[in-house]
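Peer 1: The structure file model.cif (mmCIF, C-alpha atoms and all ligand atoms) is provided below.
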```cif
data_structure
loop_
_atom_site.group_PDB
_atom_site.id
_atom_site.type_symbol
_atom_site.label_atom_id
_atom_site.label_comp_id
_atom_site.auth_asym_id
_atom_site.auth_seq_id
_atom_site.Cartn_x
_atom_site.Cartn_y
_atom_site.Cartn_z
ATOM 1 C CA MET A 11 243.448 147.734 153.307
ATOM 2 C CA LYS A 12 245.733 150.075 151.406
ATOM 3 C CA ALA A 13 246.076 153.847 151.710
ATOM 4 C CA LEU A 14 247.762 156.565 149.677
ATOM 5 C CA LEU A 15 249.919 159.013 151.611
ATOM 6 C CA ILE A 16 250.815 162.191 149.719
ATOM 7 C CA VAL A 17 253.713 163.945 151.423
ATOM 8 C CA ASP A 18 254.047 167.748 151.334
ATOM 9 C CA LEU A 19 252.690 168.465 147.888
ATOM 10 C CA GLN A 20 252.643 172.210 148.605
ATOM 11 C CA ASN A 21 253.254 175.331 146.539
ATOM 12 C CA ASP A 22 256.569 176.192 148.203
ATOM 13 C CA PHE A 23 258.060 172.854 147.065
ATOM 14 C CA LEU A 24 257.023 173.389 143.433
ATOM 15 C CA PRO A 25 259.333 175.118 140.924
ATOM 16 C CA GLU A 26 257.841 178.571 141.655
ATOM 17 C CA GLY A 27 258.119 178.125 145.429
ATOM 18 C CA THR A 28 260.714 179.179 147.983
ATOM 19 C CA LEU A 29 262.237 175.683 148.486
ATOM 20 C CA PRO A 30 261.624 174.087 145.106
ATOM 21 C CA ALA A 31 261.944 170.482 144.047
ATOM 22 C CA PRO A 32 263.021 171.120 140.432
ATOM 23 C CA ASN A 33 260.596 168.468 139.095
ATOM 24 C CA GLY A 34 257.965 168.959 141.763
ATOM 25 C CA ASP A 35 255.276 169.993 139.269
ATOM 26 C CA LYS A 36 255.743 166.802 137.237
ATOM 27 C CA VAL A 37 254.443 164.576 140.030
ATOM 28 C CA VAL A 38 251.037 166.277 140.252
ATOM 29 C CA PRO A 39 249.396 164.557 137.231
ATOM 30 C CA GLU A 40 250.818 161.221 138.384
ATOM 31 C CA ILE A 41 249.375 161.702 141.872
ATOM 32 C CA ASN A 42 246.003 162.686 140.402
ATOM 33 C CA LYS A 43 246.002 159.370 138.510
ATOM 34 C CA LEU A 44 247.007 157.408 141.612
ATOM 35 C CA MET A 45 244.204 158.984 143.633
ATOM 36 C CA GLU A 46 241.618 157.266 141.420
ATOM 37 C CA HIS A 47 242.805 153.912 142.779
ATOM 38 C CA PHE A 48 242.507 154.531 146.527
ATOM 39 C CA SER A 49 239.547 154.806 148.856
ATOM 40 C CA LEU A 50 241.666 156.262 151.679
ATOM 41 C CA ILE A 51 243.882 159.228 150.802
ATOM 42 C CA ILE A 52 245.900 161.102 153.407
ATOM 43 C CA ALA A 53 248.014 164.181 152.655
ATOM 44 C CA SER A 54 250.612 165.752 154.926
ATOM 45 C CA LYS A 55 251.475 169.426 155.075
ATOM 46 C CA ASP A 56 254.700 171.010 156.230
ATOM 47 C CA TRP A 57 253.249 173.709 158.512
ATOM 48 C CA HIS A 58 255.888 175.810 160.224
ATOM 49 C CA PRO A 59 255.662 178.739 162.613
ATOM 50 C CA ALA A 60 257.426 181.806 161.141
ATOM 51 C CA ASN A 61 260.062 181.611 163.896
ATOM 52 C CA SER A 62 260.890 177.902 163.493
ATOM 53 C CA VAL A 63 264.479 176.784 164.181
ATOM 54 C CA HIS A 64 264.004 174.834 160.950
ATOM 55 C CA PHE A 65 264.606 178.104 159.036
ATOM 56 C CA LYS A 66 268.212 178.167 160.247
ATOM 57 C CA LYS A 67 268.727 175.258 157.819
ATOM 58 C CA TRP A 68 266.276 176.132 155.078
ATOM 59 C CA PRO A 69 264.830 179.093 153.225
ATOM 60 C CA VAL A 70 261.516 180.122 154.759
ATOM 61 C CA HIS A 71 258.804 177.816 153.366
ATOM 62 C CA CYS A 72 255.349 176.468 154.203
ATOM 63 C CA VAL A 73 254.626 178.944 156.964
ATOM 64 C CA ALA A 74 251.321 177.941 158.587
ATOM 65 C CA GLY A 75 248.397 179.584 156.808
ATOM 66 C CA SER A 76 250.467 181.008 153.935
ATOM 67 C CA LYS A 77 249.855 180.606 150.202
ATOM 68 C CA GLY A 78 253.089 178.627 149.953
ATOM 69 C CA ALA A 79 251.704 176.050 152.380
ATOM 70 C CA GLU A 80 248.603 175.389 150.258
ATOM 71 C CA PHE A 81 248.118 172.437 147.956
ATOM 72 C CA PRO A 82 248.436 173.425 144.291
ATOM 73 C CA PHE A 83 245.085 173.938 142.525
ATOM 74 C CA SER A 84 246.183 171.344 139.961
ATOM 75 C CA LEU A 85 245.969 168.620 142.631
ATOM 76 C CA ASN A 86 242.620 166.818 142.861
ATOM 77 C CA ARG A 87 242.183 168.193 146.382
ATOM 78 C CA PRO A 88 238.567 167.132 147.042
ATOM 79 C CA LYS A 89 239.712 163.496 147.030
ATOM 80 C CA ILE A 90 241.852 163.994 150.139
ATOM 81 C CA ASP A 91 240.226 162.410 153.201
ATOM 82 C CA LEU A 92 242.580 163.713 155.885
ATOM 83 C CA VAL A 93 245.242 166.426 156.115
ATOM 84 C CA LEU A 94 248.106 166.004 158.573
ATOM 85 C CA TYR A 95 250.099 168.967 159.878
ATOM 86 C CA LYS A 96 253.740 168.510 160.822
ATOM 87 C CA GLY A 97 256.724 170.689 161.698
ATOM 88 C CA THR A 98 254.229 172.795 163.613
ATOM 89 C CA ASN A 99 256.484 173.232 166.622
ATOM 90 C CA ASP A 100 259.112 175.987 166.540
ATOM 91 C CA LEU A 101 261.757 173.565 167.859
ATOM 92 C CA ASP A 102 261.552 170.663 165.433
ATOM 93 C CA ASP A 103 261.949 169.898 161.732
ATOM 94 C CA GLY A 104 258.960 167.570 161.525
ATOM 95 C CA TYR A 105 260.284 165.656 158.543
ATOM 96 C CA SER A 106 258.021 162.629 159.018
ATOM 97 C CA ALA A 107 254.246 162.470 158.555
ATOM 98 C CA PHE A 108 254.280 160.133 161.585
ATOM 99 C CA GLU A 109 255.199 163.232 163.631
ATOM 100 C CA ALA A 110 251.983 165.024 162.690
ATOM 101 C CA THR A 111 250.632 167.014 165.605
ATOM 102 C CA ASN A 112 246.899 167.228 164.772
ATOM 103 C CA ILE A 113 246.319 163.470 164.672
ATOM 104 C CA SER A 114 248.300 160.286 165.184
ATOM 105 C CA LEU A 115 248.878 158.861 161.702
ATOM 106 C CA ASP A 116 249.627 155.423 163.127
ATOM 107 C CA GLN A 117 246.354 155.345 165.091
ATOM 108 C CA HIS A 118 244.376 156.616 162.120
ATOM 109 C CA LEU A 119 245.805 153.909 159.870
ATOM 110 C CA LYS A 120 245.091 151.222 162.460
ATOM 111 C CA MET A 121 241.529 152.466 162.837
ATOM 112 C CA HIS A 122 241.062 151.971 159.084
ATOM 113 C CA ALA A 123 242.808 148.564 159.140
ATOM 114 C CA VAL A 124 245.505 149.819 156.774
ATOM 115 C CA ASN A 125 248.446 147.461 156.370
ATOM 116 C CA SER A 126 249.863 148.681 153.034
ATOM 117 C CA LEU A 127 250.948 152.266 152.543
ATOM 118 C CA TYR A 128 251.713 153.829 149.180
ATOM 119 C CA ILE A 129 253.829 156.933 149.662
ATOM 120 C CA CYS A 130 254.539 159.697 147.138
ATOM 121 C CA GLY A 131 255.122 163.462 147.084
ATOM 122 C CA LEU A 132 257.913 165.857 148.065
ATOM 123 C CA THR A 133 260.751 165.732 148.845
ATOM 124 C CA THR A 134 262.505 162.415 148.302
ATOM 125 C CA GLU A 135 265.507 163.138 150.542
ATOM 126 C CA TYR A 136 263.693 164.640 153.520
ATOM 127 C CA CYS A 137 260.013 164.226 154.220
ATOM 128 C CA VAL A 138 259.321 161.283 151.909
ATOM 129 C CA LYS A 139 262.372 159.387 153.167
ATOM 130 C CA ASN A 140 261.689 160.036 156.850
ATOM 131 C CA THR A 141 258.016 159.103 156.453
ATOM 132 C CA VAL A 142 258.934 155.890 154.622
ATOM 133 C CA LEU A 143 261.469 154.879 157.289
ATOM 134 C CA ASP A 144 258.923 155.533 160.066
ATOM 135 C CA ALA A 145 256.244 153.556 158.182
ATOM 136 C CA LEU A 146 258.599 150.583 157.934
ATOM 137 C CA LYS A 147 259.516 150.855 161.625
ATOM 138 C CA ALA A 148 255.809 150.872 162.475
ATOM 139 C CA GLY A 149 255.384 147.637 160.527
ATOM 140 C CA TYR A 150 253.512 148.773 157.396
ATOM 141 C CA GLU A 151 254.129 147.187 154.044
ATOM 142 C CA THR A 152 255.544 150.288 152.405
ATOM 143 C CA PHE A 153 255.639 151.173 148.725
ATOM 144 C CA VAL A 154 257.139 154.345 147.293
ATOM 145 C CA VAL A 155 255.708 155.480 143.974
ATOM 146 C CA GLN A 156 258.882 156.575 142.277
ATOM 147 C CA ASP A 157 257.539 158.721 139.429
ATOM 148 C CA ALA A 158 255.138 160.439 141.833
ATOM 149 C CA THR A 159 258.010 161.527 144.107
ATOM 150 C CA ALA A 160 260.597 164.275 143.484
ATOM 151 C CA GLY A 161 263.758 165.421 145.228
ATOM 152 C CA VAL A 162 264.875 168.876 146.338
ATOM 153 C CA ASN A 163 268.427 168.129 145.168
ATOM 154 C CA ALA A 164 270.048 170.290 147.819
ATOM 155 C CA HIS A 165 273.295 168.275 147.537
ATOM 156 C CA PRO A 166 274.307 166.128 144.562
ATOM 157 C CA GLY A 167 273.929 162.418 145.278
ATOM 158 C CA ASP A 168 271.442 162.857 148.120
ATOM 159 C CA GLU A 169 268.481 161.718 146.096
ATOM 160 C CA LYS A 170 270.127 158.487 144.980
ATOM 161 C CA ALA A 171 271.297 157.868 148.563
ATOM 162 C CA ALA A 172 267.732 158.364 149.806
ATOM 163 C CA TRP A 173 266.337 155.799 147.348
ATOM 164 C CA ASP A 174 269.049 153.330 148.404
ATOM 165 C CA GLU A 175 268.370 153.922 152.092
ATOM 166 C CA MET A 176 264.619 153.434 151.674
ATOM 167 C CA GLN A 177 265.106 150.211 149.720
ATOM 168 C CA LYS A 178 267.644 148.879 152.217
ATOM 169 C CA ALA A 179 265.173 149.513 155.020
ATOM 170 C CA GLY A 180 262.581 147.392 153.192
ATOM 171 C CA ALA A 181 260.608 149.829 151.044
ATOM 172 C CA LYS A 182 259.352 148.531 147.722
ATOM 173 C CA LEU A 183 259.516 150.810 144.713
ATOM 174 C CA THR A 184 256.628 151.026 142.284
ATOM 175 C CA THR A 185 255.396 153.377 139.551
ATOM 176 C CA THR A 186 252.130 155.097 138.709
ATOM 177 C CA ALA A 187 251.843 152.951 135.570
ATOM 178 C CA ALA A 188 252.214 149.743 137.554
ATOM 179 C CA MET A 189 249.597 150.935 140.062
ATOM 180 C CA THR A 190 247.032 152.165 137.565
ATOM 181 C CA GLY A 191 247.475 149.546 134.867
ATOM 182 C CA VAL A 192 248.126 152.220 132.224
ATOM 183 C CA TYR A 193 251.366 151.791 130.316
HETATM 184 C C1 LIG B 1 261.035 169.232 153.434
HETATM 185 C C2 LIG B 1 262.998 170.390 153.649
HETATM 186 C C3 LIG B 1 262.452 171.180 154.629
HETATM 187 C C4 LIG B 1 260.245 168.167 152.743
HETATM 188 C C5 LIG B 1 260.468 170.008 154.414
HETATM 189 O O1 LIG B 1 259.004 168.269 152.676
HETATM 190 O O2 LIG B 1 260.873 167.207 152.245
HETATM 191 N N1 LIG B 1 262.299 169.430 153.065
HETATM 192 N N2 LIG B 1 261.175 170.971 154.993
HETATM 193 ZN ZN ZN B 2 260.018 172.247 156.236
#
```
Let me see whether you can do it: turn the structure in this file into C-alpha cells.

Peer 2:
Amino acid sequence: MKALLIVDLQNDFLPEGTLPAPNGDKVVPEINKLMEHFSLIIASKDWHPANSVHFKKWPVHCVAGSKGAEFPFSLNRPKIDLVLYKGTNDLDDGYSAFEATNISLDQHLKMHAVNSLYICGLTTEYCVKNTVLDALKAGYETFVVQDATAGVNAHPGDEKAAWDEMQKAGAKLTTTAAMTGVY
C-alpha cells in the first residue's frame, strides 16, 4: 500500500507568508494532481505555540490556530484523510512529521499496511528532509516528488545539500509527471 504525505503546505510557507519558500505556490497544482492517484493522503502541519523556542531561529510562522497555519484554499483539502500536528511543544522544532503529537504517524501507516511513502511539500531543507530521513530510518520505501517540493532557501546551497543527503540516505526521487502518467 502506498500513501501520499504532504508536508507543511501552509500559508506562512507560501510567497505571501512570514517564512516563505519562494516557489511554494508552484507546488500546489502539482500536489493537487498527485492527490488523484492516492487513496491514503496524510498532511502535516507546523503548529507552534506563540512562545516556541523555535522562534529564536525563525520568523514567527504557523502559530497554532492562525491563518498562516491553514492550508491554502487552492489545495484540494477535502481529499486529505488525516492531519498531523507537529512542533506543538514550546521546546522543540518539530521538523519531522514522525514527531507529530496528535497521532503516531508510524503506527497509522502500519495500521493501513503502508510500505511506500511518497513525500512532497515544504520545505525541502527542513521539514521535508527530516521527514524523509525518519521515514527511511523507519524502513519505508521512500520517494520524494521533486517538482511538488520547494525549499525555503535560507542559505545558498542548502537545498542542493538536502537533496543529496536524502538520496544518500536511500530516498528515491520522482516527479509528478512520472507519478500521474501525464508528460
Ligand atoms: C519549516 C522552518 C521552520 C518547514 C518549519 O516546514 O520546513 N522550516 N519551521
Ligand atoms: Zn516551524

Peer 1: Around ligand LIG 1 (chain B), out to 10 Å and counting all atoms listed in the file, which residues are there? I want them as a PyMOL selection string.

Peer 2: chain A and resi 17-20+22-23+29-31+54-58+64-65+67-72+96-97+103-107+131-141+160-162+164

Peer 1: Show me, as a count of residues only, the residues that have an atom within 9 Å of Pro39 (chain A) when counting all atoms listed in the file, minus same-chain residues fewer than 5 positions from it.

Peer 2: 4

Peer 1: Can you work out which one of A:Ala172, A:Ala60, A:Val93, A:Leu127 has the shortest atom-to-atom distance to ligand ZN 2 (chain B), counting all atoms listed in the file?

Peer 2: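 Closest to ligand ZN 2 (chain B), using all atoms listed in the file: A:Ala60.
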
Peer 1: Work out how far apart CA of Leu115 (chain A) and CA of Lys89 (chain A) are and give it in Å to one decimal.

Peer 2: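 For CA of Leu115 (chain A) relative to CA of Lys89 (chain A), the distance reads 17.9 Å.
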
Peer 1: As a check of understanding, name the residues that the PyMOL selection byres (((chain A and resi 36) around 9) and not hetatm) selects in the supplied structure, as a VMD selection string.

Peer 2: chain A and resid 33 to 35 37 to 40 157 to 160

Peer 1: CA of Ser49 (chain A) to CA of Phe108 (chain A): how many Å, to one decimal?

Peer 2: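 Value for the CA of Ser49 (chain A)-CA of Phe108 (chain A) distance: 20.2 Å.
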
Peer 1: Given only C-alpha atoms as the basis, pick out the residue of A:Trp173, A:Tyr128, A:Tyr150, A:Phe48 nearest to Asp91 (chain A).

Peer 2: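 Nearest candidate to Asp91 (chain A) out of A:Trp173, A:Tyr128, A:Tyr150, A:Phe48: A:Phe48.
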
Peer 1: I need the residue nearest ligand ZN 2 (chain B) from this list: A:Ala171, A:Ala74, A:Met176, A:Met189. Use all atoms listed in the file for the distance.

Peer 2: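 Closest candidate: A:Ala74.
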
Peer 1: Work out how far apart CA of His165 (chain A) and CA of Thr28 (chain A) are and give it in Å to one decimal.

Peer 2: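 Result for CA of His165 (chain A) versus CA of Thr28 (chain A): 16.7 Å, one decimal.
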
Peer 1: Quick one: residues within 7 Å of Ile51 (chain A), all atoms listed in the file counted, chain neighbours fewer than 4 positions away excluded, as a compact mmCIF listing (two decimals) with C-alpha atoms, in the frame of the given file?

Peer 2:
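Generated file (part.txt):
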```txt
# COMPACT_ATOMS: atom_id res chain seq x y z
CA ALA A 13 246.08 153.85 151.71
CA LEU A 14 247.76 156.56 149.68
CA LEU A 15 249.92 159.01 151.61
CA ILE A 90 241.85 163.99 150.14
CA ASP A 91 240.23 162.41 153.20
CA LEU A 92 242.58 163.71 155.88
```

Peer 1: Please enclose the listed atoms of region 25-34 of chain A in an axis-aligned box, pad each side by 4 Å, and write out the centre and the three edge lengths in Å, rounded to one decimal, as AutoDock Vina command-line options.

Peer 2:
```
--center_x 260.4 --center_y 173.8 --center_z 143.8 --size_x 13.2 --size_y 18.7 --size_z 17.4
```

Peer 1: With only C-alpha atoms as the atoms that count, which of A:Gly191, A:Pro59, A:Gly75, A:Pro82 lies nearest to Asn99 (chain A)?

Peer 2: A:Pro59

Peer 1: Choose the residue, out of A:Leu119, A:Ile16, A:Asn163, A:Val63, that has the smallest atom-to-atom separation from Asn42 (chain A); count all atoms listed in the file.

Peer 2: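 The shortest atom-to-atom distance to Asn42 (chain A) comes from A:Ile16.
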
Peer 1: Give me, as a list in words, all polymer residues having an atom no more than 12 Å from Gly149 (chain A), counting all atoms listed in the file and skipping those fewer than 2 positions away in the same chain.

Peer 2: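 The contact residues come out as Asp116, Leu119, Lys120, Val124, Asn125, Ser126, Leu127, Val142, Leu143, Asp144, Ala145, Leu146, Lys147, Glu151, Thr152, Ala179, Gly180 and Ala181 of chain A.
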
Peer 1: Which residue gives the smallest distance to ligand ZN 2 (chain B) among A:Met121, A:Leu94, A:Val155, A:Val73, with only C-alpha atoms and all ligand atoms counted?

Peer 2: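 For ligand ZN 2 (chain B), the nearest of the candidates is A:Val73.
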